[in-house]
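Peer 1: A single structure is presented below for examination.
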Amino acid sequence: MDFFLTEDQRAFADAATQFAKDKLAPNAADWDEKQLFPKDVLKEAGEMGFLSLYVPEQQGGLGLPRLDASIIFEQLAMGCTSTTAYMTIHNMVAWMIASFATDDTKALFCSQLNSGESLGSYCLTEANAGSDAASLTTTAIKQGDEYIISGAKAFISGAGDTDVLVVMARTEPSLKGASGISAFVVPAAANGISYGRKEPKMGWNSQPTRAVTFDDVRIPSSYLLGNEGDGFKFAMKGLDGGRINIATCSLGTAQQALEMARQYVDERKQFGKKLADFQSVQFKLADMTTELIAARQLVRYAAFQLDQQAPEATAYCAMAKRFATDIGFKVCDEALQLYGGYGYIKEYPLERYFRDVRVHQILEGTNEIMRLIIARRVLSEGSRLL
């Protein structure tokens, strides 16, 4: 068992690190304060391949394993958590279209999504269907060679500023739960689509969040992903990877916070000596480092499980998401504490890290839902987790 990165993985990580330092970190505070969605930088990320990391090569992507994508996202998140988190969502949209759309639909959308010429949003959540995603009520009724989509989605990242939507809708309204849910590609400017206000948020301010309303939106039947009824299965496959991705964003942010805290306590003096000389500070740094490294190993192991299509991959993704997002938030909180009052003011990025990682414990399935997923597998007959 080899835990060292391969030469290719190191090269990808180095490229992501340089992009984060050159393009993300210098602008992150400004994007946050002014709530700017940096489409120009996202396009540059597309040119680097960062918007199609695990899109299959035959569809113009890099075709990387999820483990390699996780290594890359971690480095990018050290530059800007919010913008990197959007990149992970875009990657999920691009991957779903490249993997499940018809050949003609792939030809229409994939190259522009890969390059960043077009940006994508993932539309699953509804106002009354958050953790219980299978209770969604948006419908897609087939009429001739078209589907007519009606309903509303909530908390959609990028909505109103993106070009392509992947929408989960119920094609069999009489069926309850996951049955009868299908997935569609929908042009974001299609007639009948309207967008709510840009939500004022605690964090993630470099990407807009809006509600999306579908009022008899007509799309070609060829924009169906897979077959009718496949939507919930596709959504859950997407969320397995999404949980790895958002856990990784927590790792990168926490790593940057930890490095800044280490440097700060080595320079700051109180009571005639450096903060780093106090044993209480040393113990705090030791715990932060240990827990962050443990979280990183779990995330990478879960990504490996997903790449191998292992039977327990979903449970491992849930464990990684729960643990890494909790630890990421804890490390950012502790780093802010080490900065004292300086950590609380916007001159330093610690308060932004704290705000940006908090939502990671909620989205892609709340950490309470992650515990349910894990517990059900532990208690199921034939579980290989124990």
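In the structure tokens, the first chain shown is A, the next is B, and so on; residue numbers restart at 1 for each chain, and ligands run from 1 in the order shown.
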Give me, as a PyMOL selection string, all polymer residues having an atom no more than 6 Å from region 277-288 of chain A, counting only C-alpha atoms and skipping those fewer than 3 positions away in the same chain.
Peer 2: chain A and resi 274+291+331
Peer 1: Pull N, CA and C atoms from the residues just selected and write them as an mmCIF file, in the first residue's frame.
Peer 2:
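Printed below is out-v4.cif as written:
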data_model
loop_
_atom_site.group_PDB
_atom_site.id
_atom_site.type_symbol
_atom_site.label_atom_id
_atom_site.label_comp_id
_atom_site.auth_asym_id
_atom_site.auth_seq_id
_atom_site.Cartn_x
_atom_site.Cartn_y
_atom_site.Cartn_z
ATOM 1 N N LYS A 274 7.259 34.260 22.372
ATOM 2 C CA LYS A 274 6.396 33.953 21.239
ATOM 3 C C LYS A 274 5.226 33.075 21.686
ATOM 4 N N GLU A 291 -5.661 15.939 13.428
ATOM 5 C CA GLU A 291 -7.031 15.725 12.959
ATOM 6 C C GLU A 291 -7.178 16.052 11.483
ATOM 7 N N VAL A 331 -10.810 23.214 12.618
ATOM 8 C CA VAL A 331 -9.460 23.746 12.429
ATOM 9 C C VAL A 331 -9.513 25.238 12.103
#
Peer 1: I'd like the neighbourhood of Gly196 (chain A) as JSON, numbers by chain, where a residue qualifies if any of its atoms comes within 8 Å (using only C-alpha atoms), though same-chain residues fewer than 5 positions away should be ignored.
Peer 2: {"A": [210, 211, 212, 213]}
Peer 1: Since we have the selection now, will you write its residues out, keeping N, CA, C and O atoms, as a short mmCIF file (atom, residue, chain, number, x, y, z; two decimals), in the first residue's frame?
Peer 2:
data_model
loop_
_atom_site.label_atom_id
_atom_site.label_comp_id
_atom_site.auth_asym_id
_atom_site.auth_seq_id
_atom_site.Cartn_x
_atom_site.Cartn_y
_atom_site.Cartn_z
N ARG A 210 -29.49 31.23 -5.97
CA ARG A 210 -30.85 31.70 -6.26
C ARG A 210 -31.82 30.54 -6.32
O ARG A 210 -31.42 29.38 -6.52
N ALA A 211 -33.10 30.87 -6.19
CA ALA A 211 -34.16 29.92 -6.52
C ALA A 211 -34.38 29.95 -8.03
O ALA A 211 -34.12 30.97 -8.69
N VAL A 212 -34.84 28.82 -8.58
CA VAL A 212 -35.12 28.73 -10.01
C VAL A 212 -36.55 28.21 -10.17
O VAL A 212 -36.91 27.19 -9.58
N THR A 213 -37.35 28.92 -10.96
CA THR A 213 -38.73 28.53 -11.20
C THR A 213 -38.89 28.11 -12.66
O THR A 213 -38.41 28.80 -13.57
#
Peer 1: Closest to Arg66 (chain A) among A:Glu312, A:Asp333, A:Asp240, A:Glu381, using only C-alpha atoms?
Peer 2: A:Asp240
Peer 1: Among region 188-327 of chain A, which ones does DSSP place in strand (DSSP E), written as a ChimeraX atom specification?
Peer 2: /A:193-195,209-220,224-225,269-270,273-274
Peer 1: Would you mind exporting the chosen residues as a PDB file, in the first residue's frame, restricted to N, CA and C atoms?
Peer 2:
ATOM      1  N   ILE A 193     -38.196  29.938 -17.702  1.00  0.00           N
ATOM      2  CA  ILE A 193     -37.336  29.879 -16.514  1.00  0.00           C
ATOM      3  C   ILE A 193     -37.182  31.285 -15.947  1.00  0.00           C
ATOM      4  N   SER A 194     -37.376  31.402 -14.640  1.00  0.00           N
ATOM      5  CA  SER A 194     -37.128  32.676 -13.959  1.00  0.00           C
ATOM      6  C   SER A 194     -36.307  32.413 -12.713  1.00  0.00           C
ATOM      7  N   TYR A 195     -35.592  33.447 -12.287  1.00  0.00           N
ATOM      8  CA  TYR A 195     -34.668  33.319 -11.165  1.00  0.00           C
ATOM      9  C   TYR A 195     -35.051  34.285 -10.044  1.00  0.00           C
ATOM     10  N   THR A 209     -26.348  32.418  -5.317  1.00  0.00           N
ATOM     11  CA  THR A 209     -27.296  31.356  -4.972  1.00  0.00           C
ATOM     12  C   THR A 209     -28.701  31.906  -5.170  1.00  0.00           C
ATOM     13  N   ARG A 210     -29.494  31.234  -5.971  1.00  0.00           N
ATOM     14  CA  ARG A 210     -30.849  31.704  -6.264  1.00  0.00           C
ATOM     15  C   ARG A 210     -31.820  30.535  -6.325  1.00  0.00           C
ATOM     16  N   ALA A 211     -33.105  30.865  -6.185  1.00  0.00           N
ATOM     17  CA  ALA A 211     -34.164  29.921  -6.522  1.00  0.00           C
ATOM     18  C   ALA A 211     -34.378  29.950  -8.030  1.00  0.00           C
ATOM     19  N   VAL A 212     -34.836  28.824  -8.583  1.00  0.00           N
ATOM     20  CA  VAL A 212     -35.125  28.728 -10.010  1.00  0.00           C
ATOM     21  C   VAL A 212     -36.552  28.213 -10.165  1.00  0.00           C
ATOM     22  N   THR A 213     -37.351  28.923 -10.960  1.00  0.00           N
ATOM     23  CA  THR A 213     -38.733  28.526 -11.205  1.00  0.00           C
ATOM     24  C   THR A 213     -38.889  28.109 -12.660  1.00  0.00           C
ATOM     25  N   PHE A 214     -39.564  26.979 -12.862  1.00  0.00           N
ATOM     26  CA  PHE A 214     -39.818  26.444 -14.201  1.00  0.00           C
ATOM     27  C   PHE A 214     -41.324  26.511 -14.469  1.00  0.00           C
ATOM     28  N   ASP A 215     -41.708  27.310 -15.442  1.00  0.00           N
ATOM     29  CA  ASP A 215     -43.125  27.498 -15.768  1.00  0.00           C
ATOM     30  C   ASP A 215     -43.365  26.989 -17.187  1.00  0.00           C
ATOM     31  N   ASP A 216     -43.745  25.716 -17.277  1.00  0.00           N
ATOM     32  CA  ASP A 216     -43.983  25.070 -18.567  1.00  0.00           C
ATOM     33  C   ASP A 216     -42.794  25.254 -19.516  1.00  0.00           C
ATOM     34  N   VAL A 217     -41.629  24.877 -19.016  1.00  0.00           N
ATOM     35  CA  VAL A 217     -40.400  24.987 -19.808  1.00  0.00           C
ATOM     36  C   VAL A 217     -40.301  23.792 -20.745  1.00  0.00           C
ATOM     37  N   ARG A 218     -40.208  24.064 -22.027  1.00  0.00           N
ATOM     38  CA  ARG A 218     -40.169  23.002 -23.036  1.00  0.00           C
ATOM     39  C   ARG A 218     -38.724  22.724 -23.457  1.00  0.00           C
ATOM     40  N   ILE A 219     -38.361  21.459 -23.415  1.00  0.00           N
ATOM     41  CA  ILE A 219     -37.041  21.042 -23.888  1.00  0.00           C
ATOM     42  C   ILE A 219     -37.206  19.815 -24.775  1.00  0.00           C
ATOM     43  N   PRO A 220     -36.287  19.580 -25.713  1.00  0.00           N
ATOM     44  CA  PRO A 220     -36.363  18.376 -26.548  1.00  0.00           C
ATOM     45  C   PRO A 220     -36.269  17.114 -25.689  1.00  0.00           C
ATOM     46  N   LEU A 224     -33.110  14.365 -22.135  1.00  0.00           N
ATOM     47  CA  LEU A 224     -33.197  13.428 -21.014  1.00  0.00           C
ATOM     48  C   LEU A 224     -31.848  12.754 -20.812  1.00  0.00           C
ATOM     49  N   LEU A 225     -31.403  12.639 -19.567  1.00  0.00           N
ATOM     50  CA  LEU A 225     -30.173  11.902 -19.252  1.00  0.00           C
ATOM     51  C   LEU A 225     -30.532  10.453 -18.943  1.00  0.00           C
ATOM     52  N   LYS A 269       4.228  37.879  19.819  1.00  0.00           N
ATOM     53  CA  LYS A 269       4.743  37.765  21.186  1.00  0.00           C
ATOM     54  C   LYS A 269       3.735  38.306  22.194  1.00  0.00           C
ATOM     55  N   GLN A 270       3.642  37.620  23.324  1.00  0.00           N
ATOM     56  CA  GLN A 270       2.844  38.052  24.479  1.00  0.00           C
ATOM     57  C   GLN A 270       3.588  37.625  25.740  1.00  0.00           C
ATOM     58  N   LYS A 273       7.327  36.424  25.299  1.00  0.00           N
ATOM     59  CA  LYS A 273       7.793  35.307  24.470  1.00  0.00           C
ATOM     60  C   LYS A 273       6.792  35.020  23.357  1.00  0.00           C
ATOM     61  N   LYS A 274       7.259  34.260  22.372  1.00  0.00           N
ATOM     62  CA  LYS A 274       6.396  33.953  21.239  1.00  0.00           C
ATOM     63  C   LYS A 274       5.226  33.075  21.686  1.00  0.00           C
TER      64      LYS A 274
END
Peer 1: For Cys317 (chain A), work out the shell of residues within 10 Å, counting only C-alpha atoms and skipping chain neighbours fewer than 3 positions away, then give it as a PyMOL selection string.
Peer 2: chain A and resi 239-245+247+298-306+312-314+320-323+370+373-374
Peer 1: Hey, what's within 9 Å of Gly180 (chain A) if we count only C-alpha atoms and toss same-chain stuff fewer than 4 positions away? As JSON, numbers by chain, please?
Peer 2: {"A": [169, 170, 171, 172, 173, 174, 175, 176, 228, 229, 230, 231, 232]}
Peer 1: Tell me, in Å to one decimal, how far CA of Met92 (chain A) is from CA of Ala189 (chain A).
Peer 2: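 According to the coordinates, CA of Met92 (chain A) and CA of Ala189 (chain A) are separated by 20.1 Å.
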Peer 1: Here is a test: counting only C-alpha atoms, which residue of A:Arg268, A:Lys237, A:Lys198, A:Arg371 is nearest to Leu36 (chain A)?
Peer 2: A:Lys198
Peer 1: Excluding Phe73 (chain A) and its own-chain neighbours fewer than 6 positions away, which residues fall within 8 Å of it when counting only C-alpha atoms? Please give them as a list in words.
Peer 2: Ala16, Thr84, Thr88, Asn245, Thr248, Cys249 and Gly252 of chain A
Peer 1: Could you write out that same residue set with all heavy atoms as a compact mmCIF listing (two decimals), in the first residue's frame?
Peer 2:
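Contents of again12.txt, freshly written:
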# COMPACT_ATOMS: atom_id res chain seq x y z
N ALA A 16 -2.25 23.17 -9.77
CA ALA A 16 -3.37 23.73 -9.01
C ALA A 16 -2.89 24.73 -7.96
O ALA A 16 -3.51 25.77 -7.75
CB ALA A 16 -4.17 22.61 -8.36
N THR A 84 -13.63 27.55 -5.56
CA THR A 84 -13.31 26.13 -5.79
C THR A 84 -14.55 25.26 -5.58
O THR A 84 -14.78 24.32 -6.35
CB THR A 84 -12.18 25.68 -4.84
OG1 THR A 84 -11.04 26.49 -5.06
CG2 THR A 84 -11.82 24.22 -5.09
N THR A 88 -16.29 22.54 -8.20
CA THR A 88 -16.67 21.14 -7.97
C THR A 88 -18.09 20.88 -8.45
O THR A 88 -18.38 19.80 -8.97
CB THR A 88 -16.53 20.76 -6.48
OG1 THR A 88 -17.57 21.34 -5.71
CG2 THR A 88 -15.17 21.15 -5.92
N ASN A 245 -15.82 15.91 -2.96
CA ASN A 245 -15.37 17.24 -3.38
C ASN A 245 -15.50 18.27 -2.27
O ASN A 245 -14.58 19.06 -2.03
CB ASN A 245 -16.16 17.70 -4.60
CG ASN A 245 -15.86 16.89 -5.85
OD1 ASN A 245 -14.85 16.18 -5.91
ND2 ASN A 245 -16.72 16.98 -6.83
N THR A 248 -13.11 17.80 0.44
CA THR A 248 -11.80 18.25 0.01
C THR A 248 -11.65 19.76 0.12
O THR A 248 -10.59 20.27 0.50
CB THR A 248 -11.55 17.79 -1.44
OG1 THR A 248 -11.60 16.37 -1.50
CG2 THR A 248 -10.21 18.27 -1.95
N CYS A 249 -12.71 20.49 -0.22
CA CYS A 249 -12.67 21.96 -0.07
C CYS A 249 -12.45 22.34 1.39
O CYS A 249 -11.74 23.32 1.69
CB CYS A 249 -13.96 22.58 -0.59
SG CYS A 249 -14.09 22.57 -2.39
N GLY A 252 -8.64 21.79 2.13
CA GLY A 252 -7.77 22.82 1.61
C GLY A 252 -7.85 24.11 2.40
O GLY A 252 -6.83 24.76 2.69
Peer 1: If we count only C-alpha atoms, what is near Asn27 (chain A) at a cut-off of 12 Å, once residues fewer than 6 positions away on the same chain are taken out, given as a list in words?
Peer 2: Phe19, Ala20, Lys21, Glu33, Lys34, Gln35, Leu36, Phe37, Pro38, Val41, Gly79, Cys80, Thr81, Ser82, Thr83, Ser206 and Pro349 of chain A
Peer 1: To test your reading of the structure, identify every residue in region 99-162 of chain A that backbone DSSP assigns to helix (DSSP H, G or I), and report it as an NGL selection string.
Peer 2: :A and (99-100 or 103-115 or 133-135)
Peer 1: Restricting the calculation to only C-alpha atoms: of A:Gly158, A:Arg384, A:Gln58, A:Ala101, which residue gets closest to Met87 (chain A)?
Peer 2: A:Gly158
Peer 1: For Gln309 (chain A), which residue among A:Asp145, A:Asp132, A:Ala25, A:Pro65 is the nearest when counting only C-alpha atoms?
Peer 2: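 Closest residue, counting only C-alpha atoms: A:Pro65.
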